[in-house]
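File shown here: final.txt, holding compact mmCIF, C-alpha atoms.
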```
# COMPACT_ATOMS: atom_id res chain seq x y z
CA MET A 1 -47.24 -126.15 72.79
CA PHE A 2 -44.93 -123.50 74.29
CA HIS A 3 -41.41 -124.16 75.58
CA PHE A 4 -39.89 -121.60 77.94
CA ARG A 5 -36.33 -122.55 76.97
CA ARG A 6 -36.99 -121.14 73.50
CA ILE A 7 -37.42 -117.66 75.00
CA CYS A 8 -33.68 -117.36 75.65
CA THR A 9 -32.70 -117.69 71.99
CA PRO A 10 -31.75 -114.51 70.07
CA LYS A 11 -34.41 -115.29 67.47
CA THR A 12 -37.19 -115.34 70.06
CA LEU A 13 -35.91 -112.28 71.93
CA ILE A 14 -35.85 -110.29 68.68
CA GLY A 15 -39.35 -111.49 67.97
CA LEU A 16 -40.55 -110.44 71.42
CA GLY A 17 -39.06 -106.97 71.02
CA LEU A 18 -40.43 -106.49 67.52
CA GLY A 19 -43.81 -107.86 68.59
CA GLN A 20 -44.11 -105.32 71.40
CA PHE A 21 -43.10 -102.54 69.02
CA LEU A 22 -45.91 -103.58 66.68
CA SER A 23 -48.27 -103.70 69.64
CA LEU A 24 -47.36 -100.14 70.55
CA LEU A 25 -47.89 -99.06 66.93
CA ILE A 26 -51.41 -100.47 67.01
CA THR A 27 -52.07 -98.72 70.30
CA SER A 28 -50.73 -95.44 68.93
CA THR A 29 -53.12 -95.58 65.97
CA ALA A 30 -56.00 -96.10 68.38
CA PHE A 31 -54.75 -93.27 70.58
CA THR A 32 -54.46 -90.78 67.70
CA SER A 33 -57.90 -91.75 66.35
CA SER A 34 -59.43 -91.27 69.78
CA GLU A 35 -57.69 -87.90 70.18
CA LEU A 36 -59.06 -86.67 66.84
CA ALA A 37 -62.55 -87.83 67.81
CA LYS A 38 -62.31 -85.89 71.07
CA LYS A 39 -61.35 -82.77 69.11
CA GLY A 40 -64.50 -83.18 67.02
CA ILE A 41 -62.58 -84.12 63.87
CA ASN A 42 -64.57 -86.69 61.93
CA ALA A 43 -62.54 -87.64 58.84
CA PRO A 44 -61.75 -91.37 59.07
CA THR A 45 -60.90 -91.86 55.38
CA SER A 46 -58.54 -88.88 55.44
CA GLN A 47 -56.62 -90.46 58.32
CA SER A 48 -55.86 -93.58 56.28
CA PHE A 49 -55.16 -91.73 53.03
CA LEU A 50 -51.59 -90.75 53.94
CA ASN A 51 -50.75 -94.35 54.83
CA TYR A 52 -51.79 -95.52 51.37
CA VAL A 53 -49.75 -92.72 49.81
CA PHE A 54 -46.67 -93.81 51.78
CA LEU A 55 -47.18 -97.45 50.71
CA ALA A 56 -47.63 -96.47 47.05
CA VAL A 57 -44.55 -94.22 46.98
CA VAL A 58 -42.13 -96.47 48.89
CA TYR A 59 -43.12 -99.89 47.57
CA GLY A 60 -44.27 -98.55 44.21
CA SER A 61 -40.78 -97.14 43.60
CA THR A 62 -39.29 -100.54 44.32
CA LEU A 63 -41.78 -102.23 42.03
CA LEU A 64 -41.02 -99.81 39.19
CA TYR A 65 -37.29 -100.32 39.68
CA ARG A 66 -37.75 -104.06 39.24
CA ARG A 67 -39.50 -103.54 35.88
CA GLU A 68 -41.50 -106.74 36.37
CA THR A 69 -45.03 -107.50 35.28
CA LEU A 70 -47.68 -107.97 37.95
CA LYS A 71 -47.99 -111.51 39.23
CA ALA A 72 -51.65 -111.09 40.13
CA LYS A 73 -54.39 -109.49 38.08
CA TRP A 74 -54.77 -105.77 38.69
CA TYR A 75 -58.48 -105.88 39.53
CA TYR A 76 -57.77 -108.14 42.52
CA TYR A 77 -55.93 -105.23 44.09
CA ILE A 78 -58.78 -102.80 43.38
CA VAL A 79 -61.23 -105.04 45.26
CA LEU A 80 -58.70 -105.52 48.06
CA GLY A 81 -58.11 -101.77 48.27
CA LEU A 82 -61.85 -101.10 48.51
CA VAL A 83 -62.29 -103.62 51.32
CA ASP A 84 -59.25 -102.34 53.22
CA VAL A 85 -60.31 -98.67 52.91
CA GLU A 86 -63.83 -99.36 54.15
CA ALA A 87 -62.53 -101.51 57.01
CA ASN A 88 -60.32 -98.65 58.16
CA PHE A 89 -63.20 -96.20 57.67
CA LEU A 90 -65.62 -98.17 59.85
CA VAL A 91 -63.16 -98.83 62.67
CA VAL A 92 -61.87 -95.27 62.81
CA LYS A 93 -65.45 -93.98 62.58
CA ALA A 94 -66.32 -96.07 65.63
CA TYR A 95 -64.13 -93.84 67.81
CA GLN A 96 -66.79 -91.16 67.37
CA TYR A 97 -69.30 -93.32 69.23
CA THR A 98 -67.58 -95.76 71.58
CA SER A 99 -64.51 -96.08 73.76
CA LEU A 100 -60.91 -96.81 72.87
CA THR A 101 -61.02 -100.01 74.94
CA SER A 102 -64.15 -101.32 73.24
CA VAL A 103 -62.70 -100.77 69.77
CA MET A 104 -59.49 -102.62 70.57
CA LEU A 105 -61.28 -105.55 72.17
CA LEU A 106 -64.09 -105.85 69.64
CA ASP A 107 -61.80 -105.93 66.62
CA CYS A 108 -60.80 -109.39 67.81
CA TRP A 109 -64.00 -110.42 66.01
CA SER A 110 -61.79 -110.73 62.94
CA ILE A 111 -60.39 -113.99 64.39
CA PRO A 112 -63.54 -116.13 63.98
CA SER A 113 -64.24 -114.30 60.71
CA VAL A 114 -60.79 -115.21 59.39
CA MET A 115 -61.23 -118.82 60.46
CA LEU A 116 -64.56 -119.08 58.64
CA LEU A 117 -63.22 -117.48 55.46
CA THR A 118 -60.02 -119.55 55.37
CA TRP A 119 -62.07 -122.69 55.96
CA LEU A 120 -64.43 -121.81 53.12
CA PHE A 121 -61.98 -120.46 50.53
CA LEU A 122 -58.46 -121.62 51.46
CA LYS A 123 -59.61 -125.06 52.68
CA THR A 124 -57.90 -124.59 56.05
CA LYS A 125 -58.67 -127.23 58.67
CA TYR A 126 -58.79 -126.19 62.35
CA ARG A 127 -58.46 -128.49 65.31
CA PHE A 128 -60.42 -128.43 68.57
CA LYS A 129 -58.02 -126.06 70.38
CA LYS A 130 -58.50 -123.39 67.73
CA ILE A 131 -62.27 -123.64 67.89
CA THR A 132 -62.22 -123.56 71.71
CA GLY A 133 -60.12 -120.40 71.63
CA VAL A 134 -62.57 -118.70 69.28
CA VAL A 135 -65.55 -119.61 71.49
CA VAL A 136 -63.86 -118.11 74.55
CA CYS A 137 -62.86 -115.04 72.53
CA VAL A 138 -66.41 -114.47 71.28
CA ALA A 139 -67.68 -114.78 74.86
CA GLY A 140 -65.36 -111.90 75.75
CA LEU A 141 -66.71 -109.85 72.85
CA VAL A 142 -70.28 -110.33 74.10
CA LEU A 143 -69.18 -109.05 77.50
CA VAL A 144 -67.77 -105.90 75.90
CA VAL A 145 -71.11 -105.13 74.26
CA PHE A 146 -73.02 -105.72 77.50
CA SER A 147 -70.49 -103.58 79.32
CA ASP A 148 -71.13 -100.65 76.96
CA VAL A 149 -74.88 -101.04 77.38
CA HIS A 150 -74.50 -101.23 81.15
CA ALA A 151 -72.03 -98.35 81.44
CA GLY A 152 -73.93 -95.92 79.17
CA ASP A 153 -72.11 -92.63 78.80
CA ARG A 154 -69.31 -93.87 81.03
CA ALA A 155 -68.17 -96.04 78.11
CA GLY A 156 -66.48 -93.01 76.60
CA GLY A 157 -68.69 -92.35 73.58
CA SER A 158 -71.95 -90.77 72.49
CA ASN A 159 -73.50 -94.02 71.22
CA PRO A 160 -71.53 -97.07 72.41
CA ARG A 161 -73.82 -99.65 70.82
CA LYS A 162 -73.58 -98.00 67.39
CA GLY A 163 -69.81 -97.84 67.81
CA ASP A 164 -69.67 -101.52 68.69
CA ILE A 165 -71.61 -102.41 65.53
CA LEU A 166 -69.22 -100.33 63.41
CA VAL A 167 -66.19 -102.07 64.92
CA ILE A 168 -67.62 -105.54 64.34
CA ALA A 169 -68.47 -104.63 60.72
CA GLY A 170 -64.98 -103.21 60.21
CA ALA A 171 -63.37 -106.28 61.78
CA THR A 172 -65.33 -108.50 59.39
CA LEU A 173 -63.98 -106.51 56.44
CA TYR A 174 -60.49 -106.76 57.93
CA ALA A 175 -60.92 -110.52 57.96
CA ILE A 176 -61.78 -110.49 54.25
CA SER A 177 -58.74 -108.30 53.64
CA ASN A 178 -56.50 -110.59 55.73
CA VAL A 179 -57.50 -113.74 53.88
CA SER A 180 -57.15 -112.04 50.49
CA GLU A 181 -53.71 -110.73 51.36
CA GLU A 182 -52.60 -114.10 52.71
CA PHE A 183 -53.53 -115.65 49.39
CA LEU A 184 -51.87 -112.90 47.34
CA VAL A 185 -48.64 -112.74 49.32
CA LYS A 186 -48.21 -116.50 49.03
CA ASN A 187 -48.95 -116.56 45.33
CA ALA A 188 -47.67 -113.17 44.19
CA ASP A 189 -45.17 -110.88 45.93
CA ARG A 190 -45.08 -108.86 49.16
CA VAL A 191 -43.66 -105.70 47.56
CA GLU A 192 -46.21 -105.90 44.75
CA LEU A 193 -49.00 -106.38 47.28
CA MET A 194 -47.99 -103.37 49.38
CA ALA A 195 -47.46 -101.16 46.33
CA MET A 196 -50.75 -102.05 44.65
CA LEU A 197 -52.66 -101.88 47.93
CA GLY A 198 -51.23 -98.41 48.48
CA LEU A 199 -52.12 -97.31 44.93
CA SER A 200 -55.66 -98.69 44.88
CA GLY A 201 -56.32 -97.70 48.48
CA GLY A 202 -55.05 -94.19 47.84
CA ILE A 203 -57.25 -93.68 44.77
CA ILE A 204 -60.36 -95.06 46.47
CA SER A 205 -59.66 -92.99 49.58
CA ALA A 206 -59.26 -89.81 47.50
CA ILE A 207 -62.61 -90.41 45.78
CA GLN A 208 -64.33 -91.12 49.09
CA ILE A 209 -62.81 -88.04 50.70
CA SER A 210 -64.03 -85.81 47.86
CA ILE A 211 -67.56 -87.15 48.34
CA LEU A 212 -67.92 -87.61 52.10
CA GLU A 213 -65.26 -85.59 53.88
CA ARG A 214 -64.58 -82.53 51.76
CA ASN A 215 -66.64 -80.19 53.95
CA GLU A 216 -65.26 -81.76 57.11
CA LEU A 217 -61.67 -81.07 56.04
CA LYS A 218 -62.56 -77.47 55.14
CA SER A 219 -64.11 -76.89 58.56
CA ILE A 220 -61.04 -78.12 60.45
CA HIS A 221 -58.94 -75.37 61.99
CA TRP A 222 -55.56 -76.72 60.98
CA SER A 223 -52.90 -76.41 63.64
CA ALA A 224 -50.12 -78.54 65.04
CA GLU A 225 -52.60 -80.16 67.44
CA ALA A 226 -54.85 -81.16 64.56
CA ALA A 227 -52.17 -82.12 62.01
CA LEU A 228 -49.85 -84.16 64.24
CA PRO A 229 -52.42 -86.91 65.02
CA PHE A 230 -53.10 -87.27 61.27
CA VAL A 231 -49.41 -87.65 60.46
CA GLY A 232 -48.77 -89.85 63.50
CA PHE A 233 -51.58 -92.19 62.53
CA ALA A 234 -50.27 -92.52 58.96
CA VAL A 235 -46.66 -93.14 60.02
CA ALA A 236 -47.67 -95.74 62.60
CA MET A 237 -49.90 -97.51 60.09
CA PHE A 238 -47.18 -97.51 57.43
CA MET A 239 -44.63 -98.96 59.84
CA PHE A 240 -47.11 -101.60 61.00
CA TYR A 241 -47.97 -102.65 57.44
CA SER A 242 -44.27 -102.88 56.61
CA LEU A 243 -42.92 -104.66 59.72
CA VAL A 244 -45.52 -107.37 60.27
CA PRO A 245 -44.15 -109.59 57.44
CA VAL A 246 -40.71 -109.33 59.08
CA LEU A 247 -42.00 -110.75 62.37
CA LEU A 248 -43.94 -113.43 60.52
CA LYS A 249 -40.77 -114.49 58.72
CA ILE A 250 -38.69 -114.60 61.92
CA ASN A 251 -41.12 -116.12 64.42
CA GLY A 252 -44.39 -116.87 62.68
CA SER A 253 -47.92 -115.74 63.29
CA THR A 254 -48.24 -117.33 66.74
CA MET A 255 -45.65 -114.90 68.10
CA LEU A 256 -47.41 -112.04 66.32
CA ASN A 257 -50.86 -112.84 67.73
CA LEU A 258 -49.50 -113.27 71.25
CA SER A 259 -47.49 -110.04 71.02
CA LEU A 260 -50.45 -107.99 69.84
CA LEU A 261 -52.52 -109.12 72.82
CA THR A 262 -50.73 -106.49 74.90
CA SER A 263 -52.18 -103.69 72.77
CA ASP A 264 -55.41 -104.11 74.71
CA MET A 265 -53.47 -103.69 77.94
CA TRP A 266 -51.86 -100.50 76.63
CA ALA A 267 -55.31 -99.26 75.58
CA VAL A 268 -56.72 -99.72 79.08
CA LEU A 269 -53.72 -97.95 80.61
CA ILE A 270 -54.16 -95.02 78.19
CA ARG A 271 -57.84 -94.76 79.00
CA ILE A 272 -57.22 -94.76 82.77
CA PHE A 273 -54.13 -92.57 82.99
CA ALA A 274 -54.28 -90.33 79.89
CA TYR A 275 -58.04 -89.84 79.58
CA HIS A 276 -58.80 -90.22 83.31
CA GLU A 277 -61.90 -92.23 82.45
CA LYS A 278 -63.59 -94.82 84.60
CA VAL A 279 -63.42 -98.34 83.18
CA ASP A 280 -66.42 -100.56 83.84
CA TRP A 281 -65.57 -103.73 85.75
CA MET A 282 -66.91 -105.90 82.92
CA TYR A 283 -64.07 -104.67 80.70
CA PHE A 284 -61.56 -106.50 82.86
CA VAL A 285 -63.59 -109.71 82.70
CA ALA A 286 -63.93 -109.28 78.93
CA PHE A 287 -60.22 -108.58 78.55
CA GLY A 288 -59.40 -111.73 80.52
CA ALA A 289 -61.74 -113.82 78.38
CA VAL A 290 -60.37 -112.40 75.12
CA THR A 291 -56.79 -112.91 76.29
CA VAL A 292 -57.39 -116.53 77.28
CA GLY A 293 -59.23 -117.18 74.04
CA LEU A 294 -56.49 -115.68 71.90
CA ILE A 295 -53.79 -117.63 73.75
CA ILE A 296 -55.69 -120.86 73.17
CA TYR A 297 -56.21 -119.85 69.54
CA SER A 298 -52.55 -119.00 69.03
CA GLY A 299 -51.33 -122.13 70.78
CA GLY A 300 -53.57 -124.61 69.00
CA ASP A 301 -52.31 -126.63 66.09
CA ARG A 302 -53.59 -125.97 62.62
CA ASP A 303 -53.54 -128.23 59.63
CA GLU A 304 -53.82 -126.26 56.46
CA ASP A 305 -53.86 -126.58 52.74
CA GLN A 306 -52.47 -123.29 51.43
CA HIS A 307 -55.24 -122.69 48.89
CA PRO A 308 -57.85 -124.59 46.91
CA PRO A 309 -56.70 -126.69 43.99
CA ASN A 310 -55.96 -124.59 40.91
CA ALA A 311 -56.51 -121.38 42.91
CA ALA A 312 -53.37 -119.91 41.41
CA ASP A 313 -54.57 -120.47 37.88
CA ASP A 314 -56.15 -117.00 37.84
CA LEU A 315 -52.80 -115.42 38.61
CA HIS A 316 -50.00 -114.55 36.21
CA PRO A 317 -48.04 -117.62 35.03
CA ALA A 318 -44.95 -116.27 36.77
CA VAL A 319 -46.66 -117.03 40.05
CA LYS A 320 -46.02 -120.73 39.62
CA GLN A 321 -42.29 -120.09 39.45
CA ASP A 322 -42.32 -118.09 42.68
CA GLU A 323 -44.89 -120.12 44.58
CA GLU A 324 -42.40 -122.27 46.44
CA ALA A 325 -40.28 -119.28 47.44
CA ASN A 326 -43.28 -117.38 48.76
CA SER A 327 -45.06 -120.27 50.47
CA GLY A 328 -43.71 -119.40 53.91
CA ASN A 329 -44.68 -115.75 53.85
CA HIS A 330 -47.69 -114.03 55.35
CA SER A 331 -48.93 -110.50 55.04
CA LYS A 332 -50.75 -107.86 56.99
CA GLY A 333 -54.06 -108.58 58.29
CA THR A 334 -55.53 -105.91 60.39
CA VAL A 335 -55.02 -102.90 61.70
CA ALA A 336 -56.99 -100.85 63.34
CA GLY A 337 -57.17 -97.88 64.19
CA SER A 338 -56.98 -101.04 62.35
CA SER A 339 -57.26 -104.69 62.89
CA LYS A 340 -54.59 -106.34 64.87
CA THR A 341 -55.50 -109.91 64.12
CA TRP A 342 -53.57 -112.07 61.67
CA VAL A 343 -54.06 -115.51 60.29
CA ALA A 344 -52.20 -117.96 62.51
```

Entire entry expressed as structure tokens:
Amino acid sequence: MFHFRRICTPKTLIGLGLGQFLSLLITSTAFTSSELAKKGINAPTSQSFLNYVFLAVVYGSTLLYRRETLKAKWYYYIVLGLVDVEANFLVVKAYQYTSLTSVMLLDCWSIPSVMLLTWLFLKTKYRFKKITGVVVCVAGLVLVVFSDVHAGDRAGGSNPRKGDILVIAGATLYAISNVSEEFLVKNADRVELMAMLGLSGGIISAIQISILERNELKSIHWSAEAALPFVGFAVAMFMFYSLVPVLLKINGSTMLNLSLLTSDMWAVLIRIFAYHEKVDWMYFVAFGAVTVGLIIYSGGDRDEDQHPPNAADDLHPAVKQDEEANSGNHSKGTVAGSSKTWVA
């Protein structure tokens, strides 16, 4: 339940400001991805590579300075890095086929996916309000797909239905990544998570680039117009990955989810005013449905058990010493050009 008198507190005002900054970061990643797609540049893994390098260098340096052993087994991070890289690949790839607005609305699919995965593996229990919010949200997602089918080439892409499928697949992988990171950040360490995600993601991205995107990178006529969107995407992603845990610590995931709702609004404004594209009327209905669903989802109560019994037994013994200190933390969940949905 929301109380308007809480808005006037410094803690909430800081959360509102930081939340809108994160929302703009998400929108900027979508904007740069869409710009590169319009220029005919098709290198989705290369876009995310710099972000992983930044994470590895910044957080890896901190981790080395600490001289501590890993609190989670190294192969967990390899699997997580693979899932995160492919999630980014699919969502960014979708900009080649469908519109900016569709991508940013459809990646809300990660919400029901996260709920299912946390229910299955983290033993999270959701009340009726949460489930109602997801049903309304999914109804909005269906409208987006029908809108793309109805609008045809007006949807802003060469194959909107294929793009929609890519986004939904990417959002599902983001959900897997979100749940895995929630578990790791509560049972390991945020700096370790970011550093190892950057390292594993960077290595996997480099291998994938050498196989799939080597010729594409060679064919690009590198100029300021081509390079700036790459760098802008990486910087925005790095800042998003780094700042989300701060907002979660100050205000919690409800504030985060509500704040990121406005990224869809920014996306529509960009499409109308920057791209001068016509938005199908069903988008507005879909946006309203997704917004209402996410508000219900964010406002509903949730009873949760942090993880299954003995789930931390596979981690380093030092985890048990830090478990209480880390129990209130959450980590990144999705980004898109990444997923913008986090576990509430």

Exercise for review: Check the smallest atom-to-atom distance from each of A:Ala37, A:Ala87, A:Leu199, A:Ala169 to Tyr75 (chain A) using all atoms listed in the file, then report the winner.
Suggested key: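 The closest residue to Tyr75 (chain A) is A:Leu199.
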
Exercise for review: Compare A:Phe54, A:Trp281, A:Ile250, A:Ser180 by their minimum atom-to-atom distance to Leu16 (chain A), counting only C-alpha atoms, and give me the closest one.
Suggested key: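 For Leu16 (chain A), the nearest of the candidates is A:Ile250.
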
Exercise for review: May I ask which of the residues A:Tyr95, A:Tyr52, A:Trp119, A:Trp109 is the closest one to Val135 (chain A), counting all atoms listed in the file?
Suggested key: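 Distance minimum relative to Val135 (chain A) lands on A:Trp109.
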
Practice item. Compare A:Leu173, A:Leu269, A:Leu13, A:Val57 by their minimum atom-to-atom distance to Val83 (chain A), counting only C-alpha atoms, and give me the closest one. Key: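 Nearest to Val83 (chain A): A:Leu173.
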
To box region 207-216 of chain A, take all atoms listed in the file, fit an axis-aligned box, add 5 Å on each side, and give centre and edge lengths in Å to one decimal, as JSON.
```
{"center_x": -65.3, "center_y": -85.7, "center_z": 51.4, "size_x": 15.3, "size_y": 20.9, "size_z": 21.3}
```

Review point. Which residue gives the smallest distance to Asp84 (chain A) among A:Ala171, A:Ala188, A:Ala289, A:Ala30, with only C-alpha atoms counted?
Key: A:Ala171

Exercise for review: Go ahead and find all residues with at least one atom no further than 9 Å from (-69.9, -97.9, 64.9) in the file's coordinates, using only C-alpha atoms; report them as a PyMOL selection string.
Suggested key: chain A and resi 90-98+159-170

Output for the residues just chosen: C-alpha atoms as a short mmCIF file (atom, residue, chain, number, x, y, z; two decimals), keeping the file's coordinate frame:
```cif
data_model
loop_
_atom_site.label_atom_id
_atom_site.label_comp_id
_atom_site.auth_asym_id
_atom_site.auth_seq_id
_atom_site.Cartn_x
_atom_site.Cartn_y
_atom_site.Cartn_z
CA LEU A 90 -65.62 -98.17 59.85
CA VAL A 91 -63.16 -98.83 62.67
CA VAL A 92 -61.87 -95.27 62.81
CA LYS A 93 -65.45 -93.98 62.58
CA ALA A 94 -66.32 -96.07 65.63
CA TYR A 95 -64.13 -93.84 67.81
CA GLN A 96 -66.79 -91.16 67.37
CA TYR A 97 -69.30 -93.32 69.23
CA THR A 98 -67.58 -95.76 71.58
CA ASN A 159 -73.50 -94.02 71.22
CA PRO A 160 -71.53 -97.07 72.41
CA ARG A 161 -73.82 -99.65 70.82
CA LYS A 162 -73.58 -98.00 67.39
CA GLY A 163 -69.81 -97.84 67.81
CA ASP A 164 -69.67 -101.52 68.69
CA ILE A 165 -71.61 -102.41 65.53
CA LEU A 166 -69.22 -100.33 63.41
CA VAL A 167 -66.19 -102.07 64.92
CA ILE A 168 -67.62 -105.54 64.34
CA ALA A 169 -68.47 -104.63 60.72
CA GLY A 170 -64.98 -103.21 60.21
#
```

Check your understanding: Expressed in Å to a single decimal, how great is the separation between CA of Ser23 (chain A) and CA of Leu243 (chain A)?
Key -> 11.3 Å

Practice item. Go through A:Val79, A:Val134, A:Leu193, A:Ile272 one by one, measure the shortest atom-to-atom distance of each to Pro245 (chain A) using all atoms listed in the file, and give the residue with the smallest value. Key: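 Result for the nearest residue to Pro245 (chain A): A:Leu193.
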